[in-house]
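Below is data.pdb, holding PDB, C-alpha atoms.
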```
ATOM      1  CA  MET A   1     107.126-130.304   3.822
ATOM      2  CA  ALA A   2     105.070-127.540   5.359
ATOM      3  CA  VAL A   3     106.937-124.759   7.058
ATOM      4  CA  GLN A   4     105.436-123.603  10.306
ATOM      5  CA  GLU A   5     105.084-119.857  10.436
ATOM      6  CA  LEU A   6     106.420-118.109  13.515
ATOM      7  CA  PRO A   7     104.241-115.489  15.202
ATOM      8  CA  VAL A   8     105.264-111.934  14.379
ATOM      9  CA  LEU A   9     105.958-109.791  17.430
ATOM     10  CA  ASN A  10     104.788-106.211  17.295
ATOM     11  CA  PRO A  11     107.849-104.025  18.062
ATOM     12  CA  ALA A  12     105.706-100.973  18.627
ATOM     13  CA  ALA A  13     103.601-102.467  21.379
ATOM     14  CA  PRO A  14     102.342 -99.830  23.808
ATOM     15  CA  PRO A  15     104.154 -99.762  27.173
ATOM     16  CA  ALA A  16     102.460-101.203  30.151
ATOM     17  CA  PRO A  17     100.518 -98.646  32.151
ATOM     18  CA  LYS A  18     102.225 -97.385  35.266
ATOM     19  CA  PRO A  19     100.863 -98.867  38.435
ATOM     20  CA  ARG A  20      98.521 -96.694  40.447
ATOM     21  CA  ARG A  21     100.563 -97.450  43.522
ATOM     22  CA  LEU A  22     103.346 -95.163  42.316
ATOM     23  CA  HIS A  23     100.876 -92.278  42.060
ATOM     24  CA  ARG A  24      99.523 -92.982  45.540
ATOM     25  CA  ASP A  25     103.073 -93.064  46.980
ATOM     26  CA  THR A  26     103.857 -89.707  45.378
ATOM     27  CA  VAL A  27     100.719 -88.120  46.817
ATOM     28  CA  THR A  28     101.470 -89.597  50.236
ATOM     29  CA  ALA A  29     105.019 -88.241  50.146
ATOM     30  CA  TRP A  30     103.773 -84.738  49.286
ATOM     31  CA  LEU A  31     101.258 -84.904  52.137
ATOM     32  CA  TYR A  32     104.013 -85.793  54.610
ATOM     33  CA  LEU A  33     106.212 -82.970  53.290
ATOM     34  CA  ALA A  34     103.417 -80.374  53.240
ATOM     35  CA  PRO A  35     103.637 -79.276  56.935
ATOM     36  CA  ALA A  36     107.397 -78.713  56.765
ATOM     37  CA  GLY A  37     107.036 -77.004  53.401
ATOM     38  CA  LEU A  38     104.376 -74.617  54.701
ATOM     39  CA  LEU A  39     106.504 -73.815  57.748
ATOM     40  CA  LEU A  40     109.532 -73.067  55.574
ATOM     41  CA  LEU A  41     107.436 -70.847  53.316
ATOM     42  CA  ALA A  42     106.139 -68.916  56.314
ATOM     43  CA  ILE A  43     109.648 -68.478  57.719
ATOM     44  CA  LEU A  44     111.365 -67.590  54.443
ATOM     45  CA  VAL A  45     108.820 -65.903  52.220
ATOM     46  CA  TYR A  46     107.588 -63.229  54.617
ATOM     47  CA  PRO A  47     111.060 -61.869  55.581
ATOM     48  CA  ILE A  48     112.119 -61.866  51.928
ATOM     49  CA  TYR A  49     108.924 -60.033  51.003
ATOM     50  CA  GLN A  50     109.593 -57.417  53.708
ATOM     51  CA  ILE A  51     113.212 -56.886  52.611
ATOM     52  CA  VAL A  52     112.208 -56.487  48.971
ATOM     53  CA  LEU A  53     109.405 -54.097  49.932
ATOM     54  CA  ILE A  54     111.634 -51.921  52.154
ATOM     55  CA  SER A  55     114.243 -51.710  49.388
ATOM     56  CA  PHE A  56     111.757 -49.659  47.321
ATOM     57  CA  TYR A  57     111.332 -47.008  50.036
ATOM     58  CA  ASP A  58     113.353 -44.210  51.567
ATOM     59  CA  TYR A  59     113.318 -45.928  54.951
ATOM     60  CA  GLY A  60     115.431 -44.403  57.705
ATOM     61  CA  GLN A  61     115.348 -44.090  61.466
ATOM     62  CA  GLU A  62     112.538 -41.520  61.387
ATOM     63  CA  GLN A  63     110.339 -43.812  59.306
ATOM     64  CA  ALA A  64     111.159 -46.779  61.547
ATOM     65  CA  ALA A  65     110.145 -44.744  64.605
ATOM     66  CA  GLY A  66     106.955 -43.547  62.939
ATOM     67  CA  ALA A  67     108.034 -39.871  63.049
ATOM     68  CA  ALA A  68     107.985 -39.480  59.264
ATOM     69  CA  PRO A  69     105.946 -41.079  56.463
ATOM     70  CA  LEU A  70     107.385 -43.606  54.057
ATOM     71  CA  ARG A  71     108.501 -42.227  50.707
ATOM     72  CA  TRP A  72     108.375 -44.464  47.638
ATOM     73  CA  VAL A  73     111.619 -44.258  45.631
ATOM     74  CA  GLY A  74     111.144 -47.271  43.372
ATOM     75  CA  LEU A  75     114.516 -48.390  42.060
ATOM     76  CA  GLY A  76     116.244 -45.350  43.547
ATOM     77  CA  ASN A  77     118.162 -47.360  46.138
ATOM     78  CA  TYR A  78     119.379 -49.774  43.475
ATOM     79  CA  ARG A  79     120.450 -46.921  41.189
ATOM     80  CA  ALA A  80     122.317 -45.327  44.088
ATOM     81  CA  LEU A  81     124.176 -48.574  44.727
ATOM     82  CA  LEU A  82     125.043 -49.217  41.093
ATOM     83  CA  GLY A  83     126.344 -45.667  40.785
ATOM     84  CA  ASP A  84     128.523 -45.944  43.890
ATOM     85  CA  SER A  85     132.126 -46.966  43.184
ATOM     86  CA  GLN A  86     132.492 -48.354  46.718
ATOM     87  CA  PHE A  87     129.704 -50.857  46.054
ATOM     88  CA  TRP A  88     131.598 -52.324  43.093
ATOM     89  CA  THR A  89     134.794 -52.518  45.148
ATOM     90  CA  VAL A  90     132.935 -54.322  47.931
ATOM     91  CA  LEU A  91     131.319 -56.649  45.396
ATOM     92  CA  ALA A  92     134.735 -57.568  43.952
ATOM     93  CA  ASN A  93     136.081 -58.117  47.479
ATOM     94  CA  THR A  94     133.144 -60.409  48.252
ATOM     95  CA  PHE A  95     133.649 -62.557  45.160
ATOM     96  CA  GLY A  96     137.402 -62.846  45.616
ATOM     97  CA  PHE A  97     137.207 -63.528  49.338
ATOM     98  CA  GLY A  98     134.367 -66.040  48.952
ATOM     99  CA  ALA A  99     136.130 -67.917  46.147
ATOM    100  CA  VAL A 100     139.327 -68.260  48.194
ATOM    101  CA  CYS A 101     137.372 -69.546  51.208
ATOM    102  CA  VAL A 102     135.360 -72.074  49.173
ATOM    103  CA  ILE A 103     138.364 -73.441  47.280
ATOM    104  CA  GLY A 104     140.475 -73.519  50.437
ATOM    105  CA  ALA A 105     137.854 -75.344  52.515
ATOM    106  CA  LEU A 106     137.234 -77.919  49.779
ATOM    107  CA  THR A 107     140.954 -78.506  49.189
ATOM    108  CA  VAL A 108     141.930 -78.786  52.848
ATOM    109  CA  GLY A 109     138.857 -80.826  53.809
ATOM    110  CA  THR A 110     139.183 -83.305  50.936
ATOM    111  CA  GLY A 111     142.935 -83.667  51.409
ATOM    112  CA  LEU A 112     142.591 -84.380  55.123
ATOM    113  CA  ALA A 113     139.752 -86.833  54.433
ATOM    114  CA  VAL A 114     142.035 -88.809  52.123
ATOM    115  CA  LEU A 115     144.823 -88.594  54.722
ATOM    116  CA  ALA A 116     142.481 -89.877  57.424
ATOM    117  CA  THR A 117     141.926 -93.068  55.439
ATOM    118  CA  ARG A 118     145.685 -93.664  55.177
ATOM    119  CA  VAL A 119     146.734 -93.298  58.818
ATOM    120  CA  ARG A 120     146.220 -95.493  61.852
ATOM    121  CA  ALA A 121     143.400 -95.242  64.371
ATOM    122  CA  VAL A 122     145.119 -93.024  66.966
ATOM    123  CA  PRO A 123     146.320 -90.270  64.562
ATOM    124  CA  ARG A 124     142.944 -90.402  62.791
ATOM    125  CA  THR A 125     141.103 -89.953  66.085
ATOM    126  CA  LEU A 126     143.301 -86.983  67.032
ATOM    127  CA  LEU A 127     142.739 -85.450  63.595
ATOM    128  CA  PHE A 128     138.981 -85.740  63.901
ATOM    129  CA  LEU A 129     138.978 -84.359  67.452
ATOM    130  CA  ALA A 130     140.997 -81.334  66.323
ATOM    131  CA  ALA A 131     138.743 -80.788  63.302
ATOM    132  CA  LEU A 132     135.526 -81.118  65.284
ATOM    133  CA  GLY A 133     136.929 -78.734  67.904
ATOM    134  CA  ALA A 134     137.481 -76.126  65.187
ATOM    135  CA  TRP A 135     134.017 -76.768  63.790
ATOM    136  CA  ALA A 136     132.341 -76.450  67.203
ATOM    137  CA  THR A 137     134.114 -73.204  68.124
ATOM    138  CA  PRO A 138     131.759 -70.205  67.881
ATOM    139  CA  ALA A 139     132.685 -67.733  65.159
ATOM    140  CA  VAL A 140     133.251 -64.855  67.584
ATOM    141  CA  ALA A 141     135.451 -66.918  69.912
ATOM    142  CA  GLY A 142     137.437 -68.355  67.016
ATOM    143  CA  SER A 143     137.985 -64.880  65.557
ATOM    144  CA  TYR A 144     139.376 -63.552  68.834
ATOM    145  CA  VAL A 145     141.649 -66.574  69.222
ATOM    146  CA  TRP A 146     143.113 -65.952  65.771
ATOM    147  CA  LEU A 147     143.515 -62.255  66.536
ATOM    148  CA  PHE A 148     145.419 -63.174  69.699
ATOM    149  CA  LEU A 149     147.694 -65.587  67.803
ATOM    150  CA  PHE A 150     148.477 -62.945  65.158
ATOM    151  CA  ASP A 151     148.615 -59.998  67.547
ATOM    152  CA  THR A 152     151.175 -57.318  66.636
ATOM    153  CA  ASP A 153     152.942 -57.215  70.015
ATOM    154  CA  PHE A 154     152.098 -60.450  71.839
ATOM    155  CA  GLY A 155     151.114 -62.830  69.041
ATOM    156  CA  LEU A 156     152.666 -66.289  69.006
ATOM    157  CA  VAL A 157     152.995 -66.247  65.206
ATOM    158  CA  ASN A 158     155.112 -63.074  65.088
ATOM    159  CA  GLU A 159     157.327 -64.318  67.916
ATOM    160  CA  ALA A 160     157.824 -67.686  66.213
ATOM    161  CA  LEU A 161     158.653 -66.117  62.842
ATOM    162  CA  SER A 162     161.055 -63.603  64.338
ATOM    163  CA  GLY A 163     162.614 -66.385  66.422
ATOM    164  CA  ILE A 164     163.546 -68.426  63.333
ATOM    165  CA  GLY A 165     165.166 -65.509  61.554
ATOM    166  CA  PHE A 166     162.374 -63.390  60.062
ATOM    167  CA  ARG A 167     163.191 -60.238  62.022
ATOM    168  CA  SER A 168     160.948 -58.103  59.816
ATOM    169  CA  MET A 169     157.907 -59.914  61.257
ATOM    170  CA  GLU A 170     158.598 -58.533  64.736
ATOM    171  CA  GLY A 171     155.766 -56.097  65.454
ATOM    172  CA  HIS A 172     154.103 -56.850  62.103
ATOM    173  CA  SER A 173     150.396 -55.945  61.852
ATOM    174  CA  TRP A 174     148.418 -58.610  60.011
ATOM    175  CA  THR A 175     145.191 -56.614  60.006
ATOM    176  CA  TYR A 176     146.480 -53.301  58.617
ATOM    177  CA  GLY A 177     147.111 -54.238  54.982
ATOM    178  CA  THR A 178     144.143 -55.093  52.785
ATOM    179  CA  LEU A 179     145.487 -58.385  51.428
ATOM    180  CA  SER A 180     147.015 -59.563  54.701
ATOM    181  CA  ALA A 181     143.782 -58.832  56.591
ATOM    182  CA  PHE A 182     141.703 -60.674  54.000
ATOM    183  CA  GLY A 183     144.188 -63.549  54.067
ATOM    184  CA  LEU A 184     144.036 -63.786  57.859
ATOM    185  CA  VAL A 185     140.226 -63.816  57.878
ATOM    186  CA  ALA A 186     140.126 -66.335  55.007
ATOM    187  CA  ALA A 187     142.466 -68.642  56.931
ATOM    188  CA  GLU A 188     140.181 -68.459  59.969
ATOM    189  CA  VAL A 189     137.093 -69.144  57.843
ATOM    190  CA  ILE A 190     138.783 -72.125  56.179
ATOM    191  CA  TRP A 191     139.888 -73.388  59.611
ATOM    192  CA  CYS A 192     136.328 -73.428  60.950
ATOM    193  CA  SER A 193     134.644 -74.694  57.754
ATOM    194  CA  PHE A 194     136.932 -77.457  56.440
ATOM    195  CA  PRO A 195     135.759 -80.023  59.085
ATOM    196  CA  PHE A 196     132.340 -80.263  57.409
ATOM    197  CA  VAL A 197     133.996 -81.095  54.094
ATOM    198  CA  MET A 198     136.425 -83.507  55.744
ATOM    199  CA  VAL A 199     133.747 -85.476  57.598
ATOM    200  CA  THR A 200     131.531 -85.610  54.504
ATOM    201  CA  MET A 201     134.333 -86.760  52.204
ATOM    202  CA  TYR A 202     135.663 -89.260  54.739
ATOM    203  CA  ALA A 203     132.252 -90.910  55.022
ATOM    204  CA  GLY A 204     132.053 -91.121  51.235
ATOM    205  CA  ILE A 205     135.543 -92.602  50.922
ATOM    206  CA  LYS A 206     134.806 -95.266  53.535
ATOM    207  CA  ALA A 207     131.697 -96.219  51.562
ATOM    208  CA  ILE A 208     133.737 -96.973  48.425
ATOM    209  CA  PRO A 209     134.084-100.746  47.910
ATOM    210  CA  ARG A 210     137.569-101.977  48.781
ATOM    211  CA  GLU A 211     137.642-103.993  45.555
ATOM    212  CA  VAL A 212     137.713-100.762  43.540
ATOM    213  CA  LEU A 213     140.706 -99.388  45.428
ATOM    214  CA  GLU A 214     142.500-102.745  45.340
ATOM    215  CA  ALA A 215     141.994-102.931  41.567
ATOM    216  CA  ALA A 216     143.526 -99.484  41.174
ATOM    217  CA  ALA A 217     146.499-100.528  43.328
ATOM    218  CA  LEU A 218     146.998-103.713  41.285
ATOM    219  CA  ASP A 219     147.026-101.606  38.126
ATOM    220  CA  GLY A 220     149.956 -99.678  39.558
ATOM    221  CA  ALA A 221     148.102 -96.424  40.257
ATOM    222  CA  SER A 222     149.775 -94.152  42.771
ATOM    223  CA  THR A 223     147.932 -92.592  45.709
ATOM    224  CA  TRP A 224     147.586 -89.312  43.796
ATOM    225  CA  ARG A 225     146.302 -91.042  40.644
ATOM    226  CA  THR A 226     143.873 -93.162  42.668
ATOM    227  CA  THR A 227     142.537 -90.050  44.376
ATOM    228  CA  ILE A 228     142.084 -88.078  41.143
ATOM    229  CA  SER A 229     140.867 -90.832  38.828
ATOM    230  CA  VAL A 230     138.970 -93.179  41.162
ATOM    231  CA  ILE A 231     137.982 -91.594  44.463
ATOM    232  CA  LEU A 232     136.942 -88.092  43.371
ATOM    233  CA  PRO A 233     134.660 -89.250  40.505
ATOM    234  CA  ILE A 234     132.844 -91.572  42.921
ATOM    235  CA  LEU A 235     132.573 -88.780  45.500
ATOM    236  CA  ARG A 236     131.195 -86.322  42.977
ATOM    237  CA  PRO A 237     127.656 -86.127  44.485
ATOM    238  CA  LEU A 238     129.056 -85.481  47.971
ATOM    239  CA  LEU A 239     131.536 -82.954  46.616
ATOM    240  CA  PHE A 240     128.653 -81.202  44.890
ATOM    241  CA  ILE A 241     126.741 -80.889  48.182
ATOM    242  CA  ALA A 242     129.837 -79.666  50.040
ATOM    243  CA  THR A 243     130.535 -77.063  47.336
ATOM    244  CA  VAL A 244     127.003 -75.657  47.386
ATOM    245  CA  GLN A 245     127.043 -75.467  51.183
ATOM    246  CA  SER A 246     130.444 -73.755  51.168
ATOM    247  CA  ILE A 247     129.283 -71.188  48.602
ATOM    248  CA  ILE A 248     126.236 -70.327  50.689
ATOM    249  CA  TRP A 249     128.240 -70.098  53.921
ATOM    250  CA  ASP A 250     131.396 -68.332  52.733
ATOM    251  CA  PHE A 251     129.819 -65.733  50.454
ATOM    252  CA  LYS A 252     127.729 -64.367  53.306
ATOM    253  CA  ILE A 253     130.453 -64.169  55.952
ATOM    254  CA  PHE A 254     129.836 -61.422  58.484
ATOM    255  CA  THR A 255     131.134 -62.251  61.964
ATOM    256  CA  GLN A 256     134.768 -63.007  61.105
ATOM    257  CA  ILE A 257     135.192 -59.944  58.899
ATOM    258  CA  TYR A 258     133.471 -57.652  61.383
ATOM    259  CA  VAL A 259     135.410 -58.894  64.421
ATOM    260  CA  MET A 260     138.855 -59.420  62.922
ATOM    261  CA  THR A 261     139.000 -56.188  60.859
ATOM    262  CA  ASN A 262     137.183 -54.026  63.413
ATOM    263  CA  GLY A 263     134.114 -53.460  61.257
ATOM    264  CA  GLY A 264     135.611 -53.591  57.771
ATOM    265  CA  GLY A 265     139.252 -52.567  58.021
ATOM    266  CA  VAL A 266     140.991 -49.236  57.726
ATOM    267  CA  ALA A 267     138.820 -46.864  55.630
ATOM    268  CA  GLY A 268     136.535 -49.785  54.748
ATOM    269  CA  ARG A 269     139.202 -51.615  52.720
ATOM    270  CA  ASN A 270     138.069 -55.047  53.972
ATOM    271  CA  LEU A 271     134.331 -54.714  53.506
ATOM    272  CA  VAL A 272     132.212 -57.518  52.071
ATOM    273  CA  LEU A 273     128.553 -57.262  51.135
ATOM    274  CA  ASN A 274     127.183 -58.441  54.470
ATOM    275  CA  VAL A 275     129.247 -55.968  56.507
ATOM    276  CA  TYR A 276     128.570 -53.242  53.938
ATOM    277  CA  ALA A 277     124.823 -53.827  54.255
ATOM    278  CA  TYR A 278     125.111 -53.677  58.047
ATOM    279  CA  GLN A 279     126.972 -50.383  57.902
ATOM    280  CA  LYS A 280     124.432 -48.832  55.551
ATOM    281  CA  ALA A 281     121.342 -50.170  57.322
ATOM    282  CA  PHE A 282     122.232 -49.814  61.000
ATOM    283  CA  ALA A 283     125.290 -47.605  61.352
ATOM    284  CA  GLY A 284     124.062 -45.246  58.621
ATOM    285  CA  GLN A 285     120.355 -45.747  59.425
ATOM    286  CA  GLU A 286     119.560 -46.237  55.736
ATOM    287  CA  TYR A 287     117.401 -49.330  56.006
ATOM    288  CA  GLY A 288     116.123 -49.084  52.447
ATOM    289  CA  LEU A 289     119.656 -49.044  51.059
ATOM    290  CA  GLY A 290     120.694 -51.907  53.324
ATOM    291  CA  SER A 291     117.684 -53.934  52.189
ATOM    292  CA  ALA A 292     118.631 -53.315  48.563
ATOM    293  CA  ILE A 293     122.111 -54.691  49.271
ATOM    294  CA  GLY A 294     120.510 -57.752  50.895
ATOM    295  CA  VAL A 295     118.310 -58.343  47.843
ATOM    296  CA  ILE A 296     121.280 -58.051  45.494
ATOM    297  CA  MET A 297     123.321 -60.438  47.633
ATOM    298  CA  THR A 298     120.487 -62.992  47.692
ATOM    299  CA  LEU A 299     120.109 -62.833  43.915
ATOM    300  CA  LEU A 300     123.857 -63.241  43.442
ATOM    301  CA  LEU A 301     123.960 -66.306  45.721
ATOM    302  CA  LEU A 302     121.016 -67.877  43.914
ATOM    303  CA  SER A 303     122.660 -67.163  40.554
ATOM    304  CA  ILE A 304     126.034 -68.629  41.581
ATOM    305  CA  THR A 305     124.443 -71.729  43.091
ATOM    306  CA  GLY A 306     122.102 -72.209  40.127
ATOM    307  CA  LEU A 307     124.953 -71.823  37.639
ATOM    308  CA  TYR A 308     127.032 -74.379  39.512
ATOM    309  CA  VAL A 309     124.124 -76.836  39.686
ATOM    310  CA  ARG A 310     123.457 -76.411  35.963
ATOM    311  CA  THR A 311     127.127 -76.936  35.103
ATOM    312  CA  GLN A 312     127.301 -80.104  37.165
ATOM    313  CA  ARG A 313     124.163 -81.525  35.569
ATOM    314  CA  ARG A 314     125.477 -80.855  32.081
ATOM    315  CA  SER A 315     128.769 -82.587  32.846
ATOM    316  CA  GLU A 316     127.072 -85.723  34.181
ATOM    317  CA  PRO A 317     127.492 -88.752  31.905
TER     318      PRO A 317
END
```

Translate this file's structure into C-alpha cells.
Amino acid sequence: MAVQELPVLNPAAPPAPKPRRLHRDTVTAWLYLAPAGLLLLAILVYPIYQIVLISFYDYGQEQAAGAAPLRWVGLGNYRALLGDSQFWTVLANTFGFGAVCVIGALTVGTGLAVLATRVRAVPRTLLFLAALGAWATPAVAGSYVWLFLFDTDFGLVNEALSGIGFRSMEGHSWTYGTLSAFGLVAAEVIWCSFPFVMVTMYAGIKAIPREVLEAAALDGASTWRTTISVILPILRPLLFIATVQSIIWDFKIFTQIYVMTNGGGVAGRNLVLNVYAYQKAFAGQEYGLGSAIGVIMTLLLLSITGLYVRTQRRSEP
C-alpha cells in the first residue's frame, strides 16, 4: 500500500511584507503633528538657548541696560555656584521639599479617589466640589488663605489647638522655624495639587471592569488588599502620568514659597532653587548667575523624570 507523502512546510518562511498603508498613515500623522511641533520648538528652544547663553556671561543690570559690554566668563557662574555652600543647602531643600509634595499629593489623591468609589452620590459630589475648588484657587490666593488660617495671633488653627488643650500653640509662629515653614508650604501645595491626582485616579478606577473587582471580593480580598493587588497595578499607566506631572510641578514651586515665607524665610532658610534663582537674578541683579541656576534646575528635572521613566519601563512585565 502506497503511503501518501505530506507536503513539508518551510518553518523559516519569510514574513509577509508590511502593508504600504501603515507607512502612509505614519507620514500623515507626522504631517498633522508638524505645525504644533514647530510651534513648540519655537516657544521652547529659543528661551532655553537664551538662558544657556546668558549663563556663560557676566550679565548684570549694566549689561542689560547697555551701559557696559558683555564679559564672557565661560563656566565661571557654574563654578561659583558649585563652590557656594548656600547653593548645596538650597539644592537639598528643593529635593526634600519636592519629594514630600509629590509623595503627599499622590497618596492623598489616590486615597481619596478610592474613597470616592466607595461612598454614595451626595458625599462623592461634595468631595469633588471641594477638591475642584482647591484646584481652581490661584496659588497666590490659596497661599494667603493658608497664612490667615495659621496666623500667629488671629489664626483659626492656633485658636482651635489652644481651645482643646494645647496651650503652647497659643501665639505659635508656623513660618518662623525652618521645618514648620516647609511643612506649612508643603501642606498648601499638596492641598492644591492632589485634585489632579484624585480626578485622574477616579476615572481610571471607574474604567476597571466590575467583574475584576467582584472576583477579588469573592476571593475574600479586603478593601486594602484589593486596592494594592488589583486596582493599583491596573492604574499603573495613569499613576505614571500623575507622578511625572507632580515631579515637574512640585520641584519648581515658586509662588507658595515666596508668598508664605516672605521671600525664602528668615535668613534664607526656606529657599528652593526657583526662589534662589529669582533672588540672584532680579534682587541681586546677577542675571548670568540666575540663568545658571535655571539651567541646573532644568537638567535636574530632566534627569529625575528620565530616571523615573526608565525605571518604570524596566519594571514592566

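For the pair atom CA of A:Tyr144 and atom CA of A:Thr298, the separation is 28.4 Å.
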
Practice item. Fewer than 2 positions away in the same chain doesn't count, so skip those; otherwise give me all residues within 10 Å of stretch 191-203 of chain A, counting all atoms listed in the file, as an MDAnalysis selection string. Key: chainID A and resid 101:102 104:117 127:139 142:143 185:189 205:208 231:232 235:236 238:239 241:243 245:246 249:250

Exercise for review: Mind giving me the straight-line distance from atom CA of A:Met260 to atom CA of A:Ser162 in Å, one decimal?
Suggested key: 22.6 Å

Using all atoms listed in the file, what does the table of stretch 103-214 of chain A residues within 10 Å of stretch 267-276 of chain A look like, with each row giving the shortest atom pair and its distance in Å to one decimal, sorted by chain and ascending number, as JSON lines?
```
{"residue": "A:Thr175", "atom": "CA", "partner": "A:Asn270", "partner_atom": "CA", "distance": 9.5}
{"residue": "A:Tyr176", "atom": "CA", "partner": "A:Arg269", "partner_atom": "CA", "distance": 9.5}
{"residue": "A:Gly177", "atom": "CA", "partner": "A:Arg269", "partner_atom": "CA", "distance": 8.6}
{"residue": "A:Thr178", "atom": "CA", "partner": "A:Arg269", "partner_atom": "CA", "distance": 6.0}
{"residue": "A:Leu179", "atom": "CA", "partner": "A:Asn270", "partner_atom": "CA", "distance": 8.5}
{"residue": "A:Ala181", "atom": "CA", "partner": "A:Asn270", "partner_atom": "CA", "distance": 7.3}
{"residue": "A:Phe182", "atom": "CA", "partner": "A:Asn270", "partner_atom": "CA", "distance": 6.7}
{"residue": "A:Val185", "atom": "CA", "partner": "A:Asn270", "partner_atom": "CA", "distance": 9.8}
```

Point to revise | the PyMOL selection byres ((chain A and resi 300) around 12) resolved against shown file, as a ChimeraX atom specification | key: /A:91,94-95,247-248,251-252,273,293-299,301-307

Review point. Which is closer to A:Arg71 than all the others in A:Gly98, A:Leu184, A:Gly288, A:Arg310, using all atoms listed in the file?
Key: A:Gly288

Point to revise | Neighbour list for stretch 75-77 of chain A as a list in words, cut-off 9 Å, only C-alpha atoms, skip fewer than 3 positions in-chain | key: Ser55, Phe56, Tyr57, Asp58, Trp72, Ala80, Leu81, Leu82, Gly288, Leu289, Gly290, Ser291, Ala292 and Ile293 of chain A

Would you put the residues from that selection into a file with C-alpha atoms, as an mmCIF file, in the coordinates of the input?
```
data_model
loop_
_atom_site.group_PDB
_atom_site.id
_atom_site.type_symbol
_atom_site.label_atom_id
_atom_site.label_comp_id
_atom_site.auth_asym_id
_atom_site.auth_seq_id
_atom_site.Cartn_x
_atom_site.Cartn_y
_atom_site.Cartn_z
ATOM 1 C CA SER A 55 114.243 -51.710 49.388
ATOM 2 C CA PHE A 56 111.757 -49.659 47.321
ATOM 3 C CA TYR A 57 111.332 -47.008 50.036
ATOM 4 C CA ASP A 58 113.353 -44.210 51.567
ATOM 5 C CA TRP A 72 108.375 -44.464 47.638
ATOM 6 C CA ALA A 80 122.317 -45.327 44.088
ATOM 7 C CA LEU A 81 124.176 -48.574 44.727
ATOM 8 C CA LEU A 82 125.043 -49.217 41.093
ATOM 9 C CA GLY A 288 116.123 -49.084 52.447
ATOM 10 C CA LEU A 289 119.656 -49.044 51.059
ATOM 11 C CA GLY A 290 120.694 -51.907 53.324
ATOM 12 C CA SER A 291 117.684 -53.934 52.189
ATOM 13 C CA ALA A 292 118.631 -53.315 48.563
ATOM 14 C CA ILE A 293 122.111 -54.691 49.271
#
```

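Between atom CA of A:Thr223 and atom CA of A:Arg210 the interatomic distance comes to 14.3 Å.
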